[in-house]
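S.K.: What follows is coords32.cif, mmCIF, C-alpha atoms.
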data_coords
#
loop_
_atom_site.label_atom_id
_atom_site.label_comp_id
_atom_site.auth_asym_id
_atom_site.auth_seq_id
_atom_site.Cartn_x
_atom_site.Cartn_y
_atom_site.Cartn_z
CA MET A 27 -61.36 216.51 87.41
CA VAL A 28 -59.09 213.58 86.70
CA PRO A 29 -55.88 215.06 85.34
CA ASP A 30 -53.85 211.90 85.72
CA VAL A 31 -55.15 209.61 83.02
CA ASP A 32 -54.79 210.41 79.39
CA GLY A 33 -58.08 210.97 77.66
CA GLU A 34 -61.69 211.05 78.76
CA PRO A 35 -62.71 207.39 78.13
CA LYS A 36 -59.92 206.16 80.39
CA ALA A 37 -60.83 208.68 83.10
CA ALA A 38 -64.45 207.54 82.91
CA ILE A 39 -63.33 203.91 83.17
CA MET A 40 -61.21 204.68 86.24
CA ARG A 41 -64.17 206.35 87.94
CA ALA A 42 -66.37 203.39 87.01
CA THR A 43 -63.76 200.98 88.42
CA TYR A 44 -63.73 202.99 91.63
CA ARG A 45 -67.51 202.75 91.97
CA ALA A 46 -67.61 199.06 91.04
CA LEU A 47 -64.85 198.22 93.53
CA CYS A 48 -66.66 200.08 96.31
CA ARG A 49 -69.87 198.27 95.47
CA HIS A 50 -68.59 194.71 94.94
CA GLY A 51 -65.13 194.49 96.53
CA TYR A 52 -62.16 193.16 94.60
CA ALA A 53 -62.50 189.39 94.86
CA ASP A 54 -65.71 188.95 92.90
CA LEU A 55 -65.42 191.92 90.58
CA THR A 56 -66.01 191.26 86.88
CA MET A 57 -65.40 193.39 83.79
CA GLN A 58 -69.19 193.43 83.43
CA ASP A 59 -69.59 195.03 86.90
CA ILE A 60 -67.26 197.81 85.78
CA ALA A 61 -69.01 198.22 82.43
CA ASP A 62 -72.30 198.52 84.37
CA GLU A 63 -70.89 201.58 86.18
CA ALA A 64 -69.31 203.14 83.09
CA PRO A 65 -70.78 205.40 80.41
CA VAL A 66 -68.90 203.23 77.90
CA SER A 67 -69.76 199.80 76.51
CA LYS A 68 -68.06 196.58 77.59
CA GLY A 69 -66.53 196.62 74.09
CA THR A 70 -64.87 199.97 74.75
CA LEU A 71 -63.68 198.66 78.12
CA HIS A 72 -62.01 195.69 76.43
CA TYR A 73 -60.62 197.97 73.71
CA HIS A 74 -58.70 199.94 76.37
CA TYR A 75 -57.87 197.08 78.77
CA ASP A 76 -57.62 193.53 77.54
CA SER A 77 -57.94 191.97 80.98
CA LYS A 78 -59.13 192.64 84.52
CA ARG A 79 -55.47 192.48 85.50
CA GLY A 80 -54.46 195.23 83.07
CA LEU A 81 -57.33 197.40 84.18
CA PHE A 82 -56.39 197.00 87.84
CA GLU A 83 -52.82 197.90 87.11
CA ALA A 84 -54.08 201.14 85.59
CA PHE A 85 -56.42 201.61 88.54
CA GLN A 86 -53.61 201.19 91.07
CA ARG A 87 -51.63 203.91 89.24
CA TYR A 88 -54.73 206.12 89.15
CA ILE A 89 -55.37 205.77 92.90
CA SER A 90 -51.69 206.29 93.73
CA ARG A 91 -51.48 209.45 91.65
CA ARG A 92 -54.52 210.83 93.41
CA PHE A 93 -53.08 209.91 96.81
CA PHE A 94 -49.67 211.44 96.14
CA GLY A 95 -51.37 214.41 94.48
CA ARG A 96 -53.22 215.09 97.75
CA LEU A 97 -50.03 214.67 99.79
CA ARG A 98 -47.97 216.97 97.58
CA ALA A 99 -50.75 219.55 97.48
CA ALA A 100 -50.76 219.57 101.29
CA ASP A 101 -46.96 219.89 101.49
CA ASP A 102 -45.56 223.43 101.38
CA PRO A 103 -41.81 222.96 100.79
CA ASP A 104 -41.17 226.44 102.23
CA ALA A 105 -42.79 225.61 105.59
CA ALA A 106 -40.83 224.36 108.60
CA PRO A 107 -40.26 220.56 108.54
CA PRO A 108 -42.49 219.78 111.57
CA ALA A 109 -45.39 221.63 109.91
CA ARG A 110 -44.65 219.86 106.62
CA LEU A 111 -44.64 216.43 108.28
CA ALA A 112 -47.89 217.22 110.11
CA ALA A 113 -49.54 218.40 106.88
CA ILE A 114 -48.47 215.29 104.95
CA LEU A 115 -49.69 212.96 107.70
CA ASP A 116 -52.96 214.88 107.93
CA ALA A 117 -53.46 214.45 104.19
CA ALA A 118 -52.54 210.76 104.36
CA LEU A 119 -54.98 210.21 107.21
CA SER A 120 -57.81 212.43 105.97
CA PRO A 121 -59.25 210.64 103.00
CA PRO A 122 -61.63 212.65 100.81
CA ASP A 123 -64.97 213.13 102.52
CA ARG A 124 -66.99 210.51 100.66
CA ASP A 125 -69.43 207.89 101.88
CA ASP A 126 -67.56 205.16 100.04
CA VAL A 127 -64.11 205.70 101.52
CA GLN A 128 -64.29 202.67 103.79
CA ASP A 129 -65.43 200.53 100.86
CA LEU A 130 -62.48 201.74 98.82
CA GLN A 131 -60.06 201.04 101.68
CA ARG A 132 -61.50 197.56 101.90
CA ALA A 133 -61.02 196.97 98.17
CA LEU A 134 -57.44 198.28 98.34
CA LEU A 135 -56.72 195.97 101.27
CA GLU A 136 -58.05 193.03 99.25
CA LEU A 137 -55.89 194.12 96.33
CA LYS A 138 -52.79 194.25 98.58
CA ALA A 139 -53.58 190.75 99.81
CA GLN A 140 -53.13 189.58 96.19
CA ALA A 141 -49.57 190.98 96.02
CA PRO A 142 -47.81 187.70 96.92
CA HIS A 143 -49.39 185.98 93.92
CA GLU A 144 -49.66 188.85 91.43
CA PRO A 145 -46.25 190.23 90.42
CA GLN A 146 -47.73 193.32 88.74
CA ILE A 147 -49.74 194.27 91.82
CA ARG A 148 -46.68 193.63 93.98
CA ALA A 149 -44.45 195.77 91.71
CA HIS A 150 -46.87 198.65 91.93
CA VAL A 151 -47.28 198.35 95.71
CA ASP A 152 -43.47 198.35 96.09
CA GLU A 153 -43.18 201.44 93.92
CA ALA A 154 -45.84 203.42 95.79
CA ASP A 155 -44.34 202.30 99.08
CA ALA A 156 -40.88 203.56 98.12
CA GLU A 157 -42.33 206.88 96.92
CA LEU A 158 -44.09 207.43 100.24
CA ARG A 159 -41.06 206.46 102.31
CA ASP A 160 -38.85 208.81 100.25
CA LEU A 161 -41.28 211.71 100.66
CA LEU A 162 -41.40 211.23 104.45
CA ALA A 163 -37.66 210.60 104.83
CA ASP A 164 -36.85 213.79 102.90
CA VAL A 165 -38.99 215.91 105.21
CA ILE A 166 -37.56 214.24 108.31
CA ALA A 167 -34.00 214.72 107.01
CA ALA A 168 -34.78 218.40 106.36
CA GLY A 169 -35.97 218.68 109.97
CA VAL A 170 -32.82 217.07 111.33
CA GLU A 171 -30.77 219.44 109.16
CA SER A 172 -32.70 222.49 110.39
CA GLY A 173 -32.51 221.43 114.03
CA ASP A 174 -36.30 221.06 114.30
CA PHE A 175 -35.97 217.30 114.80
CA ARG A 176 -33.57 215.54 117.13
CA ALA A 177 -30.09 215.12 115.71
CA ASP A 178 -30.00 211.34 116.13
CA ALA A 179 -33.30 210.70 114.32
CA ASP A 180 -32.95 208.21 111.48
CA PRO A 181 -35.05 209.53 108.56
CA ALA A 182 -35.29 206.23 106.64
CA ARG A 183 -36.19 204.17 109.72
CA THR A 184 -38.71 206.69 110.97
CA ALA A 185 -40.27 206.87 107.49
CA ARG A 186 -40.56 203.07 107.42
CA PHE A 187 -42.18 203.11 110.84
CA ILE A 188 -44.70 205.74 109.72
CA VAL A 189 -45.70 203.78 106.60
CA THR A 190 -46.14 200.70 108.81
CA VAL A 191 -48.51 202.71 111.01
CA LEU A 192 -50.35 203.98 107.91
CA ALA A 193 -50.73 200.39 106.66
CA GLY A 194 -52.05 199.44 110.10
CA ASN A 195 -54.45 202.34 109.93
CA GLN A 196 -55.85 201.12 106.63
CA ALA A 197 -56.20 197.54 107.90
CA ARG A 198 -57.85 198.64 111.16
CA GLN A 199 -60.10 201.17 109.45
CA VAL A 200 -61.48 198.21 107.50
CA SER A 201 -61.40 195.45 110.12
CA VAL A 202 -62.43 197.21 113.35
CA GLY A 203 -63.52 200.65 112.11
CA GLN A 204 -60.65 202.57 113.73
CA ALA A 205 -61.04 206.22 112.74
CA PRO A 206 -58.07 207.73 110.86
CA GLU A 207 -58.24 210.64 113.36
CA THR A 208 -57.45 208.15 116.13
CA THR A 209 -54.39 206.90 114.26
CA ARG A 210 -53.39 210.51 113.59
CA ALA A 211 -53.48 211.36 117.29
CA LEU A 212 -51.50 208.23 118.19
CA LEU A 213 -48.91 208.95 115.51
CA ARG A 214 -48.50 212.48 116.82
CA THR A 215 -47.83 211.17 120.34
CA HIS A 216 -45.46 208.43 119.30
CA VAL A 217 -43.58 209.77 116.31
CA GLU A 218 -43.75 213.52 115.97
CA ASP A 219 -43.24 214.12 119.68
CA ARG A 220 -40.37 211.69 119.65
CA LEU A 221 -38.67 213.59 116.82
CA ARG A 222 -38.62 216.78 118.92
CA PRO A 223 -35.19 217.75 120.19
CA GLU A 224 -36.61 218.30 123.71
CA ALA A 225 -37.39 214.59 123.91
CA GLU A 226 -33.67 213.87 123.61
CA GLU A 227 -32.14 212.14 126.59
CA MET B 14 -51.25 168.94 119.51
CA VAL B 15 -54.33 171.07 119.19
CA PRO B 16 -55.70 171.49 122.69
CA ASP B 17 -58.09 174.27 121.80
CA VAL B 18 -60.82 172.56 119.83
CA ASP B 19 -63.00 169.92 121.33
CA GLY B 20 -62.53 166.53 119.77
CA GLU B 21 -60.24 165.09 117.13
CA PRO B 22 -62.43 165.51 113.99
CA LYS B 23 -62.75 169.24 114.63
CA ALA B 24 -59.00 169.56 115.24
CA ALA B 25 -58.32 167.73 111.98
CA ILE B 26 -60.76 170.02 110.18
CA MET B 27 -59.05 173.12 111.59
CA ARG B 28 -55.66 171.87 110.38
CA ALA B 29 -57.17 171.11 106.98
CA THR B 30 -58.71 174.60 106.83
CA TYR B 31 -55.29 176.06 107.65
CA ARG B 32 -53.66 174.14 104.80
CA ALA B 33 -56.46 174.91 102.33
CA LEU B 34 -56.36 178.63 103.18
CA CYS B 35 -52.59 178.75 102.70
CA ARG B 36 -52.94 176.98 99.38
CA HIS B 37 -55.94 178.77 97.88
CA GLY B 38 -56.40 182.04 99.80
CA TYR B 39 -59.74 183.00 101.29
CA ALA B 40 -61.66 184.47 98.38
CA ASP B 41 -61.98 181.36 96.23
CA LEU B 42 -61.93 178.74 98.97
CA THR B 43 -64.63 176.06 98.81
CA MET B 44 -65.75 173.42 101.31
CA GLN B 45 -64.43 170.89 98.78
CA ASP B 46 -60.91 172.45 98.96
CA ILE B 47 -61.00 171.96 102.72
CA ALA B 48 -62.35 168.41 102.44
CA ASP B 49 -59.49 167.68 100.02
CA GLU B 50 -56.98 168.53 102.77
CA ALA B 51 -58.85 166.71 105.53
CA PRO B 52 -58.75 163.07 106.61
CA VAL B 53 -62.54 163.30 106.88
CA SER B 54 -65.20 163.18 104.17
CA LYS B 55 -67.06 166.21 102.87
CA GLY B 56 -70.09 164.69 104.62
CA THR B 57 -68.31 164.81 107.99
CA LEU B 58 -67.25 168.39 107.24
CA HIS B 59 -70.86 169.38 106.65
CA TYR B 60 -71.96 167.42 109.72
CA HIS B 61 -69.74 169.62 111.91
CA TYR B 62 -70.11 172.92 110.03
CA ASP B 63 -73.18 173.63 107.96
CA SER B 64 -71.60 176.47 105.99
CA LYS B 65 -68.28 177.96 104.95
CA ARG B 66 -69.19 180.87 107.19
CA GLY B 67 -69.65 178.67 110.27
CA LEU B 68 -66.41 176.88 109.58
CA PHE B 69 -64.51 180.17 109.25
CA GLU B 70 -65.93 181.42 112.50
CA ALA B 71 -64.53 178.31 114.19
CA PHE B 72 -61.25 178.79 112.32
CA GLN B 73 -60.92 182.39 113.49
CA ARG B 74 -61.36 181.22 117.09
CA TYR B 75 -58.84 178.43 116.52
CA ILE B 76 -56.20 180.81 115.11
CA SER B 77 -56.84 183.37 117.87
CA ARG B 78 -56.46 180.79 120.61
CA ARG B 79 -53.17 179.64 119.14
CA PHE B 80 -51.98 183.25 118.83
CA PHE B 81 -52.93 184.20 122.39
CA GLY B 82 -51.61 180.86 123.60
CA ARG B 83 -48.19 181.76 122.18
CA LEU B 84 -48.34 185.25 123.70
CA ARG B 85 -49.35 184.02 127.15
CA ALA B 86 -46.73 181.27 127.06
CA ALA B 87 -44.09 183.93 126.35
CA ASP B 88 -45.32 186.19 129.15
CA ASP B 89 -43.87 185.56 132.59
CA PRO B 90 -46.09 187.56 134.98
CA ASP B 91 -43.31 187.59 137.56
CA ALA B 92 -40.81 189.28 135.23
CA ALA B 93 -40.29 193.05 135.14
CA PRO B 94 -42.82 194.85 132.90
CA PRO B 95 -40.28 195.96 130.24
CA ALA B 96 -39.12 192.34 129.84
CA ARG B 97 -42.76 191.19 129.74
CA LEU B 98 -43.65 193.71 127.03
CA ALA B 99 -40.58 192.74 125.00
CA ALA B 100 -41.41 189.03 125.30
CA ILE B 101 -45.04 189.56 124.23
CA LEU B 102 -44.02 191.67 121.23
CA ASP B 103 -41.38 189.11 120.28
CA ALA B 104 -44.00 186.38 120.35
CA ALA B 105 -46.47 188.51 118.35
CA LEU B 106 -43.81 189.25 115.75
CA SER B 107 -42.19 185.82 115.61
CA PRO B 108 -44.71 183.59 113.93
CA PRO B 109 -44.06 179.86 114.10
CA ASP B 110 -41.23 178.85 111.80
CA ARG B 111 -43.24 177.40 108.92
CA ASP B 112 -42.96 177.86 105.18
CA ASP B 113 -46.61 178.78 104.90
CA VAL B 114 -46.69 181.65 107.39
CA GLN B 115 -46.85 184.33 104.71
CA ASP B 116 -49.68 182.46 102.99
CA LEU B 117 -51.59 182.32 106.26
CA GLN B 118 -51.01 186.04 106.89
CA ARG B 119 -52.34 186.73 103.42
CA ALA B 120 -55.47 184.64 104.06
CA LEU B 121 -56.03 186.36 107.42
CA LEU B 122 -55.68 189.76 105.73
CA GLU B 123 -58.28 188.73 103.14
CA LEU B 124 -60.53 187.55 105.96
CA LYS B 125 -60.18 190.90 107.76
CA ALA B 126 -61.10 192.68 104.55
CA GLN B 127 -64.46 190.89 104.72
CA ALA B 128 -65.23 192.32 108.18
CA PRO B 129 -67.29 195.31 106.94
CA HIS B 130 -69.72 192.95 105.21
CA GLU B 131 -69.62 189.91 107.51
CA PRO B 132 -70.89 190.71 111.02
CA GLN B 133 -69.62 187.41 112.47
CA ILE B 134 -66.10 187.99 111.16
CA ARG B 135 -66.24 191.56 112.43
CA ALA B 136 -67.45 190.47 115.88
CA HIS B 137 -64.59 188.04 116.18
CA VAL B 138 -61.99 190.54 114.96
CA ASP B 139 -63.30 193.08 117.52
CA GLU B 140 -63.08 190.51 120.30
CA ALA B 141 -59.52 189.43 119.48
CA ASP B 142 -58.53 193.07 119.12
CA ALA B 143 -59.87 193.96 122.57
CA GLU B 144 -58.13 190.94 124.11
CA LEU B 145 -54.77 191.98 122.64
CA ARG B 146 -55.18 195.62 123.67
CA ASP B 147 -56.12 194.56 127.21
CA LEU B 148 -53.11 192.27 127.49
CA LEU B 149 -50.73 195.03 126.36
CA ALA B 150 -52.38 197.76 128.42
CA ASP B 151 -52.16 195.63 131.58
CA VAL B 152 -48.42 195.13 131.14
CA ILE B 153 -47.86 198.82 130.37
CA ALA B 154 -49.95 199.83 133.41
CA ALA B 155 -47.89 197.45 135.56
CA GLY B 156 -44.73 199.16 134.26
CA VAL B 157 -46.07 202.62 135.06
CA GLU B 158 -46.99 201.38 138.53
CA SER B 159 -43.54 199.87 139.11
CA GLY B 160 -41.75 202.96 137.80
CA ASP B 161 -40.21 201.03 134.89
CA PHE B 162 -42.23 203.07 132.40
CA ARG B 163 -42.67 206.83 132.38
CA ALA B 164 -45.34 208.08 134.75
CA ASP B 165 -47.32 209.92 132.09
CA ALA B 166 -47.58 206.93 129.71
CA ASP B 167 -51.16 206.15 128.72
CA PRO B 168 -51.51 202.34 128.75
CA ALA B 169 -54.71 202.17 126.66
CA ARG B 170 -53.44 204.61 124.01
CA THR B 171 -50.04 202.97 123.80
CA ALA B 172 -51.68 199.55 123.51
CA ARG B 173 -53.87 200.83 120.68
CA PHE B 174 -50.81 202.25 118.93
CA ILE B 175 -48.99 198.93 119.24
CA VAL B 176 -51.90 196.94 117.78
CA THR B 177 -52.01 199.44 114.89
CA VAL B 178 -48.33 198.77 114.26
CA LEU B 179 -48.95 195.00 114.46
CA ALA B 180 -51.79 195.34 111.92
CA GLY B 181 -49.44 197.33 109.69
CA ASN B 182 -46.84 194.62 110.10
CA GLN B 183 -49.28 191.97 108.91
CA ALA B 184 -50.38 194.07 105.92
CA ARG B 185 -46.79 194.93 104.94
CA GLN B 186 -45.55 191.39 105.48
CA VAL B 187 -48.08 190.38 102.83
CA SER B 188 -47.95 193.35 100.45
CA VAL B 189 -44.25 194.30 100.37
CA GLY B 190 -42.60 191.42 102.23
CA GLN B 191 -41.53 193.49 105.27
CA ALA B 192 -39.87 191.12 107.73
CA PRO B 193 -41.49 190.96 111.20
CA GLU B 194 -37.98 191.47 112.64
CA THR B 195 -37.88 194.86 110.91
CA THR B 196 -41.16 195.87 112.52
CA ARG B 197 -39.89 194.56 115.84
CA ALA B 198 -36.80 196.75 115.68
CA LEU B 199 -38.85 199.80 114.69
CA LEU B 200 -41.34 199.19 117.49
CA ARG B 201 -38.52 198.95 120.00
CA THR B 202 -37.13 202.32 118.88
CA HIS B 203 -40.46 204.09 118.79
CA VAL B 204 -42.50 202.59 121.60
CA GLU B 205 -40.44 200.74 124.16
CA ASP B 206 -37.72 203.39 124.24
CA ARG B 207 -40.37 206.07 124.52
CA LEU B 208 -41.91 204.36 127.56
CA ARG B 209 -38.60 204.61 129.43
CA PRO B 210 -38.59 207.17 132.22
CA GLU B 211 -35.26 208.60 130.98
CA ALA B 212 -37.01 209.76 127.82
CA GLU B 213 -39.21 212.02 129.93
CA GLU B 214 -38.86 215.71 129.20
#
Take the structure in the file and give it back as structure tokens.

M.R.:
Amino acid sequence: MVPDVDGEPKAAIMRATYRALCRHGYADLTMQDIADEAPVSKGTLHYHYDSKRGLFEAFQRYISRRFFGRLRAADDPDAAPPARLAAILDAALSPPDRDDVQDLQRALLELKAQAPHEPQIRAHVDEADAELRDLLADVIAAGVESGDFRADADPARTARFIVTVLAGNQARQVSVGQAPETTRALLRTHVEDRLRPEAEE
Amino acid sequence: MVPDVDGEPKAAIMRATYRALCRHGYADLTMQDIADEAPVSKGTLHYHYDSKRGLFEAFQRYISRRFFGRLRAADDPDAAPPARLAAILDAALSPPDRDDVQDLQRALLELKAQAPHEPQIRAHVDEADAELRDLLADVIAAGVESGDFRADADPARTARFIVTVLAGNQARQVSVGQAPETTRALLRTHVEDRLRPEAEE
């Protein structure tokens, strides 16, 4: 089920891009590698996306929509803010149970490394980053409002800190095999506990 | 001054590798690109390093030694543990003032992304990671011992959290241009303040 791309050929191409990225990484990936994974011809691939760059832009949007879809599905806006924050962080740090998750994380890390030289990649990364920070800051602000989080917590700063930790999690998952569960436990100790009013001086 | 490689040709090659990496990134880098930056011939390059892989292994060690050299130079073992931790984090988050620092961070991020498929890169990343965690954990343990940090602080866990934040800093410096000073301020709020005994419940 891929509800977030319009039309079946594009959905099939996104799934093929996913598989090709996991298999080959980003740096050496060719349109042919993607066509090899797709139930469509290389001609159809080029009909929909005229360049590897255009296809990756679409792929970044596809992956982001899936990621935010998982986060929003995990978030119950009627729950108490601490439970909401915990659920969102759990979703962010519990990638779908697939063998190729580490390969995908690696490919996404490679893609991010291109941001300084690829304005379209950078624009998309900025956009996804702002969306995640806003989602987290809103929940933290709701918790300050409700008295569940300490009154002097700064939602925007704390949200930025959390996304920095999530970026570190992705990098370390790839580079040293740090388990997302480890990051989750560390984040709980250092951020969620710190937001608790009892921790106030 | 490059005290950490043996002999002048190797030092010159390391500096050339640095420049070539900043210019071209890791993925497409060739031995010829490095030779183009070096005051030595491609023949001399191949005499010292028989493959791109061997050269990058040496380069990883070179960069690590410079990094830890800066950290250890900033660390005064006679200072109080909170000042020591602050000085080490400042050094880790204040890269040398050079125009090409972001390019180097980008190349190092690309290199890390190769770790899952390159055992030698992975081995080196693991080693540098353990060295950094040990350095931080020792200072935190000293602070717990001296009463400067809260008694229930877990040095190994806190050290792991800090290196996760530092990895996130590197990734975000590259992908969204987050300034190291921003990470530094966030880390101070969320880690150093939390280690203070007054924050104890």

S.K.: Using all atoms listed in the file, collect all residues at a distance of at most 12 Å from (-63.1, 208.7, 93.7) as written in the file, then present them as a PyMOL selection string.

M.R.: chain A and resi 27-28+37-48+85+88-93+121-131

S.K.: Using all atoms listed in the file, select each residue of chain A with any atom at most 8 Å away from an atom of chain B, and give the selection as number ranges by chain.

M.R.: A: 53, 132-133, 135-136, 138-142, 148, 151-152, 183-184, 187, 190-195, 197-198, 200-202, 209, 212-213, 216-217, 220, 224-227

S.K.: How many Å separate atom CA of A:Ala154 from atom CA of A:Gly95?

M.R.: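 For atom CA of A:Ala154 relative to atom CA of A:Gly95, the distance reads 12.4 Å.
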
S.K.: Applying 10 Å and only C-alpha atoms, which residues near B:Arg85 remain after dropping the ones on its own chain fewer than 3 positions away? List them as a ChimeraX atom specification.

M.R.: /B:79-82,88-90,100-101,104,148

S.K.: Applying the PyMOL selection byres ((chain B and resi 94) around 10) to the file I just gave you, which residues come out? Please list them as a list in words.

M.R.: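 For this structure, the PyMOL selection byres ((chain B and resi 94) around 10) resolves to Asp88, Asp89, Pro90, Asp91, Ala92, Ala93, Pro95, Ala96, Arg97, Leu98, Ala99, Ala100, Asp151, Val152, Ile153, Ala154, Ala155, Gly156, Val157, Glu158, Ser159, Gly160, Asp161 and Phe162 of chain B.
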
S.K.: Could you tell me how far atom CA of A:Ala177 lies from atom CA of A:Asp160, in Å and to one decimal?

M.R.: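 Straight-line distance from atom CA of A:Ala177 to atom CA of A:Asp160 works out to 18.9 Å.
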
S.K.: May I ask for the distance between atom CA of B:Ala51 and atom CA of B:Arg74, given in Å to one decimal place?

M.R.: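 If I compute the distance from atom CA of B:Ala51 to atom CA of B:Arg74, I get 18.7 Å.
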
S.K.: With the PyMOL selection byres ((chain B and resi 106) around 7) as the selection, what would be picked from this file? Answer as JSON, numbers by chain, please.

M.R.: {"B": [102, 103, 104, 105, 107, 108, 193, 194, 197]}

S.K.: For stretch 53-67 of chain A, write N, CA and C atoms out as a PDB file, in the first residue's frame.

M.R.:
ATOM      1  N   ALA A  53      25.735   6.404  -4.152  1.00  0.00           N
ATOM      2  CA  ALA A  53      26.803   6.995  -4.964  1.00  0.00           C
ATOM      3  C   ALA A  53      26.874   6.403  -6.372  1.00  0.00           C
ATOM      4  N   ASP A  54      26.787   5.094  -6.466  1.00  0.00           N
ATOM      5  CA  ASP A  54      26.994   4.449  -7.760  1.00  0.00           C
ATOM      6  C   ASP A  54      25.706   4.103  -8.482  1.00  0.00           C
ATOM      7  N   LEU A  55      24.577   4.488  -7.921  1.00  0.00           N
ATOM      8  CA  LEU A  55      23.298   4.050  -8.468  1.00  0.00           C
ATOM      9  C   LEU A  55      23.032   4.643  -9.862  1.00  0.00           C
ATOM     10  N   THR A  56      22.575   3.787 -10.772  1.00  0.00           N
ATOM     11  CA  THR A  56      22.230   4.257 -12.119  1.00  0.00           C
ATOM     12  C   THR A  56      20.728   4.058 -12.358  1.00  0.00           C
ATOM     13  N   MET A  57      20.213   4.752 -13.362  1.00  0.00           N
ATOM     14  CA  MET A  57      18.813   4.560 -13.752  1.00  0.00           C
ATOM     15  C   MET A  57      18.592   3.086 -14.145  1.00  0.00           C
ATOM     16  N   GLN A  58      19.610   2.477 -14.727  1.00  0.00           N
ATOM     17  CA  GLN A  58      19.490   1.069 -15.125  1.00  0.00           C
ATOM     18  C   GLN A  58      19.289   0.165 -13.896  1.00  0.00           C
ATOM     19  N   ASP A  59      20.045   0.453 -12.802  1.00  0.00           N
ATOM     20  CA  ASP A  59      19.881  -0.342 -11.566  1.00  0.00           C
ATOM     21  C   ASP A  59      18.432  -0.290 -11.094  1.00  0.00           C
ATOM     22  N   ILE A  60      17.834   0.897 -11.198  1.00  0.00           N
ATOM     23  CA  ILE A  60      16.445   1.052 -10.741  1.00  0.00           C
ATOM     24  C   ILE A  60      15.499   0.323 -11.680  1.00  0.00           C
ATOM     25  N   ALA A  61      15.748   0.477 -12.991  1.00  0.00           N
ATOM     26  CA  ALA A  61      14.913  -0.228 -13.977  1.00  0.00           C
ATOM     27  C   ALA A  61      14.986  -1.739 -13.746  1.00  0.00           C
ATOM     28  N   ASP A  62      16.179  -2.219 -13.351  1.00  0.00           N
ATOM     29  CA  ASP A  62      16.348  -3.667 -13.107  1.00  0.00           C
ATOM     30  C   ASP A  62      15.456  -4.169 -11.969  1.00  0.00           C
ATOM     31  N   GLU A  63      15.128  -3.269 -11.029  1.00  0.00           N
ATOM     32  CA  GLU A  63      14.293  -3.659  -9.883  1.00  0.00           C
ATOM     33  C   GLU A  63      12.801  -3.433 -10.173  1.00  0.00           C
ATOM     34  N   ALA A  64      12.509  -2.714 -11.237  1.00  0.00           N
ATOM     35  CA  ALA A  64      11.123  -2.268 -11.478  1.00  0.00           C
ATOM     36  C   ALA A  64      10.401  -3.171 -12.472  1.00  0.00           C
ATOM     37  N   PRO A  65       9.064  -3.266 -12.315  1.00  0.00           N
ATOM     38  CA  PRO A  65       8.276  -4.002 -13.291  1.00  0.00           C
ATOM     39  C   PRO A  65       7.948  -3.124 -14.502  1.00  0.00           C
ATOM     40  N   VAL A  66       8.693  -2.036 -14.660  1.00  0.00           N
ATOM     41  CA  VAL A  66       8.484  -1.155 -15.819  1.00  0.00           C
ATOM     42  C   VAL A  66       9.807  -1.073 -16.584  1.00  0.00           C
ATOM     43  N   SER A  67       9.719  -0.676 -17.837  1.00  0.00           N
ATOM     44  CA  SER A  67      10.924  -0.597 -18.674  1.00  0.00           C
ATOM     45  C   SER A  67      11.708   0.665 -18.331  1.00  0.00           C
TER      46      SER A  67
END
